[in-house]
Amino acid sequence: MKRVIPFVGVWVLIAVCVAFVGSEGLTATVESVGIASLPSAESVQSPPTRFQQAGWAPADLVFNQASGMFVLDTSGGVSRLVADPQATPRIEKLFQVEAGYSAQSAAASSDSVFVTSNSKIGCTVHRYSLTTKAVSKRLVVANAACAGIATNGSTFYVALPSLGEIRYWDSWDAPSAKIWSLPRIKSPGTLAFDVTSQRLIVADDSGKLYAVSVADGKAQLLASNLGMVQSIATSKLHIIVASGKKVLFIGRVDNRREKPPAGLGSLTGGQIAGVVVDGDDELWFADYDKKLVEGPFPLG
């Protein structure tokens, strides 16, 4: 929500200028008065919305254009985040990953929220239906751990670091997975689906970032030396990476690191657990240390 800036004072001042300057110097006077009186874009932006509550800490943050923004917390709970301009921001609990499973990452489609988790038996994906509110799960692989998850709507993708693979299913009801072996990628971990370019963005544990074609699973190196990547988001112009206490921006055109927009050089100072870009191409982030989710921050 943007604040409406009153301009009454500007017109009163212009009238005074007409009286003292005359019509001949009016144009230059109006121009200087108008520019000096207009607030900067940063001051027009409303204060960011903050989601925070006692005993709660975010572990991952996801967004879908149709269904909204969701957070996976450190206890394995999944909640919807509701930012109502007329009320207090709400954290609405949807479901809890049961005991014995360690939740790792989340993804959202228009009708479901997915969570990867590890247990004694291996890697499992939990699915929460936003329509029926039912929770279902399926074993991805026995005796191996999983990391990131991403979805493009019907298909969902799971990273298996120890196997050097990404496995994917064309739908939740698909009988079996398809497998991409990724010898170029060392321990694939964090995943995101890049809607603009229709590809997967994958980070490994060496700080390298790759694009993976969803047509054939071929990987292309995008960037390196990114540190420990916790979360990936995509905007119209950038691939955005959460690494430690920083949010890094990589240009789509040349895959080079760029300076972050004003106001995003340093955020709250804690470990960034998740980043997403909403439907207005604005950034939200989850801070693990400060135990909050905050946004939106303009990327223009």
# chains A, B, ... in the order shown; residues from 1 in each chain; ligands from 1
call {"tool": "select_by_dssp", "arguments": {"residues": "region 37-153 of chain A", "states": "alpha helix (DSSP H)", "output": "list in words"}}
result
Ser37, Ala41, Glu42, Ser43 and Val44 of chain A
call {"tool": "residues_around", "arguments": {"residues": "Val212 (chain A)", "least_positions_apart": "5", "cutoff": "12 Å", "atoms": "only C-alpha atoms", "output": "mmCIF file with C-alpha atoms, in the first residue's frame"}}
result
data_model
loop_
_atom_site.group_PDB
_atom_site.id
_atom_site.type_symbol
_atom_site.label_atom_id
_atom_site.label_comp_id
_atom_site.auth_asym_id
_atom_site.auth_seq_id
_atom_site.Cartn_x
_atom_site.Cartn_y
_atom_site.Cartn_z
ATOM 1 C CA TYR A 157 11.470 -31.702 -8.194
ATOM 2 C CA ALA A 159 17.348 -32.576 -4.796
ATOM 3 C CA GLU A 165 20.570 -36.321 -8.462
ATOM 4 C CA ILE A 166 17.351 -34.450 -8.957
ATOM 5 C CA TRP A 180 18.550 -36.582 -13.657
ATOM 6 C CA SER A 181 22.096 -37.527 -12.713
ATOM 7 C CA LEU A 182 24.117 -34.318 -12.416
ATOM 8 C CA ARG A 184 28.707 -31.356 -12.931
ATOM 9 C CA ILE A 185 26.883 -30.349 -9.755
ATOM 10 C CA PRO A 188 22.718 -30.361 -5.364
ATOM 11 C CA LEU A 191 16.182 -25.449 -5.608
ATOM 12 C CA ALA A 192 13.886 -22.865 -7.172
ATOM 13 C CA PHE A 193 11.746 -22.892 -10.294
ATOM 14 C CA ASP A 194 12.397 -19.904 -12.550
ATOM 15 C CA SER A 197 12.835 -18.760 -18.107
ATOM 16 C CA GLN A 198 11.050 -22.064 -17.368
ATOM 17 C CA ARG A 199 14.077 -23.740 -15.781
ATOM 18 C CA LEU A 200 15.339 -24.936 -12.413
ATOM 19 C CA ILE A 201 17.909 -22.920 -10.480
ATOM 20 C CA VAL A 202 20.116 -25.168 -8.345
ATOM 21 C CA ALA A 203 22.801 -24.377 -5.761
ATOM 22 C CA GLY A 217 18.226 -32.012 -17.286
ATOM 23 C CA LYS A 218 21.346 -30.384 -18.726
ATOM 24 C CA ALA A 219 23.128 -28.033 -16.318
ATOM 25 C CA GLN A 220 24.716 -24.652 -17.057
ATOM 26 C CA LEU A 221 26.952 -22.844 -14.564
ATOM 27 C CA LEU A 222 25.622 -19.374 -13.723
#
call {"tool": "residues_around", "arguments": {"residues": "Ala54 (chain A)", "least_positions_apart": "6", "cutoff": "12 Å", "atoms": "only C-alpha atoms", "output": "PDB file with N, CA, C and O atoms, in the first residue's frame"}}
result
ATOM      1  N   ILE A  91      -0.143 -15.120  11.004  1.00  0.00           N
ATOM      2  CA  ILE A  91       0.539 -16.371  10.702  1.00  0.00           C
ATOM      3  C   ILE A  91      -0.479 -17.481  10.929  1.00  0.00           C
ATOM      4  O   ILE A  91      -0.800 -17.814  12.074  1.00  0.00           O
ATOM      5  N   LYS A 290      16.628 -13.361  13.830  1.00  0.00           N
ATOM      6  CA  LYS A 290      15.684 -12.393  14.386  1.00  0.00           C
ATOM      7  C   LYS A 290      14.267 -12.957  14.501  1.00  0.00           C
ATOM      8  O   LYS A 290      13.375 -12.303  15.016  1.00  0.00           O
ATOM      9  N   LYS A 291      14.081 -14.168  13.930  1.00  0.00           N
ATOM     10  CA  LYS A 291      12.800 -14.884  14.037  1.00  0.00           C
ATOM     11  C   LYS A 291      11.652 -14.060  13.460  1.00  0.00           C
ATOM     12  O   LYS A 291      10.619 -13.847  14.111  1.00  0.00           O
ATOM     13  N   LEU A 292      11.815 -13.638  12.215  1.00  0.00           N
ATOM     14  CA  LEU A 292      10.778 -12.835  11.571  1.00  0.00           C
ATOM     15  C   LEU A 292      10.808 -13.025  10.063  1.00  0.00           C
ATOM     16  O   LEU A 292      11.775 -13.516   9.486  1.00  0.00           O
TER      17      LEU A 292
END
call {"tool": "residues_around", "arguments": {"residues": "Val62 (chain A)", "least_positions_apart": "5", "cutoff": "10 Å", "atoms": "only C-alpha atoms", "output": "short mmCIF file (atom, residue, chain, number, x, y, z; two decimals) with N, CA and C atoms, in the first residue's frame"}}
result
data_model
loop_
_atom_site.label_atom_id
_atom_site.label_comp_id
_atom_site.auth_asym_id
_atom_site.auth_seq_id
_atom_site.Cartn_x
_atom_site.Cartn_y
_atom_site.Cartn_z
N GLY A 68 -0.36 -17.69 -2.68
CA GLY A 68 0.14 -16.77 -1.68
C GLY A 68 1.51 -17.15 -1.13
N MET A 69 1.79 -16.67 0.08
CA MET A 69 3.11 -16.85 0.71
C MET A 69 2.99 -17.78 1.92
N PHE A 70 3.97 -18.69 2.03
CA PHE A 70 3.95 -19.69 3.08
C PHE A 70 5.33 -19.77 3.72
N VAL A 71 5.34 -20.19 4.99
CA VAL A 71 6.60 -20.31 5.71
C VAL A 71 6.68 -21.68 6.37
N LEU A 72 7.85 -22.30 6.25
CA LEU A 72 8.17 -23.51 7.00
C LEU A 72 8.97 -23.06 8.22
N ARG A 80 0.47 -20.18 6.47
CA ARG A 80 0.24 -19.16 5.45
C ARG A 80 0.44 -17.79 6.09
N SER A 105 12.85 -28.27 3.47
CA SER A 105 12.58 -27.21 2.51
C SER A 105 11.12 -27.28 2.09
N ALA A 106 10.64 -26.19 1.47
CA ALA A 106 9.22 -26.13 1.07
C ALA A 106 9.09 -25.55 -0.33
N ALA A 107 7.94 -25.81 -0.93
CA ALA A 107 7.57 -25.24 -2.23
C ALA A 107 6.05 -25.15 -2.27
N ALA A 108 5.53 -24.26 -3.11
CA ALA A 108 4.07 -24.08 -3.18
C ALA A 108 3.61 -24.02 -4.62
N SER A 109 2.47 -24.65 -4.88
CA SER A 109 1.78 -24.53 -6.17
C SER A 109 0.47 -23.80 -5.92
N VAL A 113 1.00 -27.24 -0.84
CA VAL A 113 2.30 -26.89 -0.27
C VAL A 113 3.06 -28.20 -0.06
N ALA A 150 11.19 -27.96 -5.47
CA ALA A 150 10.61 -26.89 -6.30
C ALA A 150 9.48 -27.49 -7.10
N ALA A 192 14.98 -23.80 -6.90
CA ALA A 192 13.89 -22.86 -7.17
C ALA A 192 13.48 -23.06 -8.62
N SER A 231 18.61 -20.10 0.13
CA SER A 231 17.33 -19.89 -0.56
C SER A 231 17.59 -19.18 -1.88
N ILE A 232 16.72 -19.43 -2.85
CA ILE A 232 16.83 -18.82 -4.18
C ILE A 232 15.46 -18.29 -4.59
N ALA A 233 15.43 -17.10 -5.16
CA ALA A 233 14.21 -16.53 -5.73
C ALA A 233 14.56 -15.90 -7.08
N GLY A 274 15.28 -17.50 4.06
CA GLY A 274 14.47 -17.61 2.86
C GLY A 274 14.25 -16.28 2.19
N VAL A 275 14.14 -16.30 0.87
CA VAL A 275 13.79 -15.11 0.09
C VAL A 275 12.74 -15.50 -0.95
N VAL A 276 11.78 -14.61 -1.19
CA VAL A 276 10.81 -14.79 -2.27
C VAL A 276 10.56 -13.45 -2.93
N VAL A 277 10.07 -13.51 -4.16
CA VAL A 277 9.63 -12.32 -4.87
C VAL A 277 8.14 -12.48 -5.14
N ASP A 278 7.35 -11.48 -4.74
CA ASP A 278 5.89 -11.61 -4.86
C ASP A 278 5.40 -11.19 -6.25
N TRP A 284 10.58 -10.31 -0.25
CA TRP A 284 10.34 -10.63 1.15
C TRP A 284 11.46 -11.55 1.62
N PHE A 285 11.82 -11.47 2.89
CA PHE A 285 12.87 -12.35 3.39
C PHE A 285 12.50 -12.88 4.77
N ALA A 286 13.06 -14.05 5.08
CA ALA A 286 12.90 -14.67 6.41
C ALA A 286 14.24 -14.63 7.11
#
call {"tool": "atom_distance", "arguments": {"atom1": "CA of Asp287 (chain A)", "atom2": "CA of Val247 (chain A)"}}
result
11.2 Å
call {"tool": "residues_around", "arguments": {"residues": "Val140 (chain A)", "least_positions_apart": "5", "cutoff": "8 Å", "atoms": "only C-alpha atoms", "output": "ChimeraX atom specification"}}
result
/A:122-125
call {"tool": "residues_around", "arguments": {"residues": "Glu98 (chain A)", "least_positions_apart": "5", "cutoff": "12 Å", "atoms": "only C-alpha atoms", "output": "list in words"}}
result
Ser75, Gly76, Gly77, Val78, Ala103, Val115, Ser117, Asn118, Ser119, Thr124, His126, Val135, Ser136 and Lys137 of chain A
call {"tool": "residues_around", "arguments": {"residues": "Arg256 (chain A)", "least_positions_apart": "2", "cutoff": "12 Å", "atoms": "only C-alpha atoms", "output": "PyMOL selection string"}}
result
chain A and resi 209+221-226+237-240+248-254+258-259
call {"tool": "write_last_selection", "arguments": {"atoms": "C-alpha atoms", "output": "mmCIF file, in the first residue's frame"}}
result
data_model
loop_
_atom_site.group_PDB
_atom_site.id
_atom_site.type_symbol
_atom_site.label_atom_id
_atom_site.label_comp_id
_atom_site.auth_asym_id
_atom_site.auth_seq_id
_atom_site.Cartn_x
_atom_site.Cartn_y
_atom_site.Cartn_z
ATOM 1 C CA LEU A 209 24.717 -21.791 -8.930
ATOM 2 C CA LEU A 221 26.952 -22.844 -14.564
ATOM 3 C CA LEU A 222 25.622 -19.374 -13.723
ATOM 4 C CA ALA A 223 27.762 -18.144 -10.813
ATOM 5 C CA SER A 224 30.258 -19.289 -8.209
ATOM 6 C CA ASN A 225 31.723 -18.217 -4.855
ATOM 7 C CA LEU A 226 28.263 -17.553 -3.414
ATOM 8 C CA LEU A 237 15.745 -8.894 -13.836
ATOM 9 C CA HIS A 238 17.620 -11.016 -11.304
ATOM 10 C CA ILE A 239 18.281 -14.342 -9.677
ATOM 11 C CA ILE A 240 18.303 -13.611 -5.944
ATOM 12 C CA LEU A 248 22.987 -11.467 -3.479
ATOM 13 C CA PHE A 249 21.737 -10.295 -6.873
ATOM 14 C CA ILE A 250 22.772 -11.950 -10.159
ATOM 15 C CA GLY A 251 21.716 -10.306 -13.423
ATOM 16 C CA ARG A 252 19.711 -12.409 -15.849
ATOM 17 C CA VAL A 253 21.419 -10.979 -18.928
ATOM 18 C CA ASP A 254 25.072 -11.723 -18.128
ATOM 19 C CA GLU A 258 25.156 -6.689 -9.152
ATOM 20 C CA LYS A 259 24.717 -4.252 -6.315
#
call {"tool": "select_by_dssp", "arguments": {"residues": "region 204-297 of chain A", "states": "strand (DSSP E or B)", "output": "count of residues only"}}
result
49
call {"tool": "atom_distance", "arguments": {"atom1": "CA of Ser46 (chain A)", "atom2": "CA of Pro85 (chain A)"}}
result
10.3 Å
call {"tool": "closest_residue", "arguments": {"among": "A:Ser213, A:Val293, A:Asn143, A:Arg257", "to": "Ser79 (chain A)", "atoms": "only C-alpha atoms"}}
result
A:Val293
call {"tool": "closest_residue", "arguments": {"among": "A:Lys245, A:Lys186, A:Arg90, A:Lys133", "to": "Gln53 (chain A)", "atoms": "only C-alpha atoms"}}
result
A:Arg90
call {"tool": "closest_residue", "arguments": {"among": "A:Asn255, A:Val241, A:Lys246, A:Pro183", "to": "Gly269 (chain A)", "atoms": "only C-alpha atoms"}}
result
A:Lys246
